[in-house]
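> Handing you this structure, nothing more for now.
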Number of protein chains: 2
Amino acid sequence: MKIEIGATNCLYPMPTTLIGATVDGRPNFLTIAHVGIMDLGSVSLGMAKAHYTNAGIKENGAFSINLPSVEMVHETDYCGLVSGRHVDKAELFNVSYGQLKTAPLIDECPISMECKLVKVVDFPKHDVFVGEIVATYAQEAVLTNGVVDYGKVHPLLFTMADKSYWKLGERFAKAWSIGKALSVK
Amino acid sequence: MKIEIGATNCLYPMPTTLIGATVDGRPNFLTIAHVGIMDLGSVSLGMAKAHYTNAGIKENGAFSINLPSVEMVHETDYCGLVSGRHVDKAELFNVSYGQLKTAPLIDECPISMECKLVKVVDFPKHDVFVGEIVATYAQEAVLTNGVVDYGKVHPLLFTMADKSYWKLGERFAKAWSIGKALSVK
C-alpha cells in the first residue's frame, strides 16, 4: 500500500557530474546531476537556461562530462553554487584537452568523457543537451582488468528530496544473470 | 594522468527501474537503467526499438516508472531477461492503477511514478520516451518526515561496465551547502 506524494520526481540517485565547456573563450565547469542515457553512446544534460554554460555548449557544439569522486565533494558542490560569470572555476582544477579543443577535462576526476553536441531538446526553462561520446579517459587506478570499476571510482551520487550526496555501496549481483533462477509462465 | 579507453559511456551508476505499460491490452514491465532527468518534472527512458513495450507506450501515451529495492533484484533482473511477447511478467507482482489507466504500478516497489508521454526523441536503434510525471506514490516506510529517504528505499543501482547491481552507500554531505567553505577569485 502506497500513499500519493504529489507529482514528485523520484528518479534518483543520479551520478553527480562536472560539465566542462568553453564559455567566452575560457574553460568553465558546472555541477549537474540531471543527466541521462539516451542510447549506449549518447547522453543528456538537463540544464536550466539561466546557466552561464549553456551558450558555450551551443556555440562550440562540445562539452565534457567529468565524474568527480567523493573526495572532490567540496569542489563539486562549489561549482554548483557559483556562476562562471563571476568566478573562474577552472582555477580549482588541472585542466587538459583531448580531441575536442573546446571540451575542457578535469584531470583530478577519475573519469572524463568528451562529447559532441548532436541535439538540443527544448523545455520551458531548460535546454536538454544530447551529446555523442567521442572519447573517454580514465585514471588507471580506477580500472580492474582494463574495465572501469565503480568501486574504485567512488562516484558522488545525488538525491533531490533531501539535497544530499551519497556514496556508492557494495556490488552484490550480476545483471542479466541473477534473475535466471526465476521463471513464470 | 588518465588513459584513453575508447568512446565508452561511463555515466553510471544509474537507478534501475521497472517500466510499466499496457501492451496489447495487458500490463507489462520492462527493466531499464538507461533513464534520465530532463527538467525537474520530466524524465526520459532510452529503450531499444526491439522491445515489446515501446508500441504500448506510443499507443497509450502513458507509462509508469517503478523503483525496485535491492530485495527485488531477482524479479527486476528477470524482467530484463524475458519479453512480454512470450511471458506474462505482471504475474510476478501485485499490480494497481492510479490516475492513468494504462500505466500499471507495481505495489511491491517502494516508489512508483505515473508519467504522461510528451515526446519521443528518435535515435537509430532506440526510442527515447520523454514523460511528464503526473503522480507519485511511495510506501510510508520509505518516508522520513514526509520526504522520500533513499536510505530506506534501498534502490538498485546499475553499472554497464561490469553488468552489475550495486547498493546505495551512506549519505555523507548536503548539496548546495558543503561547498560554501571553498572560495576562489
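By order of appearance in the C-alpha cells: chains A, B, ..., then residues from 1 within every chain, and ligands from 1 in the order shown.
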Fewer than 2 positions away in the same chain doesn't count, so skip those; otherwise give me all residues within 9 Å of range 51-62 of chain B, counting only C-alpha atoms, as a count of residues only.
30
> Between CA of Arg171 in chain B and CA of Cys10 in chain A, measure the distance and give it in Å to one decimal.
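One can read the CA of Arg171 in chain B to CA of Cys10 in chain A distance as 16.4 Å.
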> Can you pull out every residue from chain A that DSSP, working from the backbone, puts in helix (DSSP H, G or I), and format the result as a PyMOL selection string?
chain A and resi 53-60+70-81+89-92+140-142+150-153+178-181
> Of the candidates B:Gly36, B:Phe158, B:Lys152, B:Glu132, which one gets nearest to Glu170 in chain B if we count only C-alpha atoms?
B:Lys152
> Write out as a list in words the residues lying within 12 Å of Val70 in chain A, counting only C-alpha atoms and excluding same-chain residues fewer than 6 positions away.
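The neighbour list is Pro15, Thr16, Thr17, Thr76, Asp77, Glu108, Cys109, Pro110, Tyr150, Gly151, Lys152, Val153, His154, Pro155, Leu156, Leu157, Phe158, Tyr165, Trp166, Lys167 and Leu168 of chain A; Gly169, Glu170, Arg171, Phe172 and Ala173 of chain B.
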> Which of range 5-181 of chain B end up as strand (DSSP E) when DSSP is run on this backbone - answer as JSON, numbers by chain?
{"B": [14, 15, 17, 18, 19, 20, 21, 22, 23, 26, 27, 28, 29, 30, 31, 32, 35, 36, 37, 38, 39, 42, 43, 44, 45, 46, 47, 48, 62, 63, 64, 65, 66, 67, 95, 96, 105, 106, 111, 112, 113, 114, 115, 116, 117, 118, 119, 120, 121, 122, 126, 127, 128, 129, 130, 131, 132, 133, 134, 135, 136, 137, 138, 139, 143, 144, 147, 148, 157, 158, 159, 164, 165, 166, 167, 168, 169, 170, 171, 172, 173, 174]}
> Mind pulling up the distance from CA of Met72 in chain B to CA of Ile178 in chain A?
10.9 Å
> Check the smallest atom-to-atom distance from each of A:Gly6, A:Leu81, A:Gly41, A:Met1 to Gly146 in chain B using only C-alpha atoms, then report the winner.
A:Gly6
> For a quick check of understanding, using only C-alpha atoms, which of B:Gln99, B:Gln139, B:Thr144, B:Thr159 has the smallest distance to chain A?
B:Gln139
> Nearest to chain A among B:Leu18, B:Val87, B:Ala50, B:Ile32, with distances taken over only C-alpha atoms: which residue is it?
B:Val87
> Find the spatial neighbours of Leu105 in chain B, counting only C-alpha atoms, within a cut-off of 7 Å - ignore same-chain residues fewer than 5 positions away - and output them as a ChimeraX atom specification.
/B:20,64,66,95-97,112
> Generate the output file for the selected residues, C-alpha atoms, as a CSV table (one decimal), in the first residue's frame.

chain,number,residue,atom,x,y,z
B,20,GLY,CA,5.2,-0.3,-16.7
B,64,SER,CA,5.0,4.1,-15.1
B,66,ASN,CA,8.7,1.8,-10.6
B,95,VAL,CA,-0.5,-4.5,-10.0
B,96,SER,CA,-2.6,-1.5,-9.4
B,97,TYR,CA,-3.5,1.8,-11.2
B,112,SER,CA,6.1,4.4,-8.4
> Under the rule that only C-alpha atoms are counted, which of B:Pro124, B:Leu67, B:Pro27, B:Ala181 is the nearest residue to Pro13 in chain A?
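Checking each of B:Pro124, B:Leu67, B:Pro27, B:Ala181 against Pro13 in chain A, counting only C-alpha atoms, the winner is B:Leu67.
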> Considering only C-alpha atoms, state which residue in the set A:Ile3, A:Tyr12, A:Asp39, A:Val134 is at the smallest distance from Asp162 in chain A.
A:Tyr12
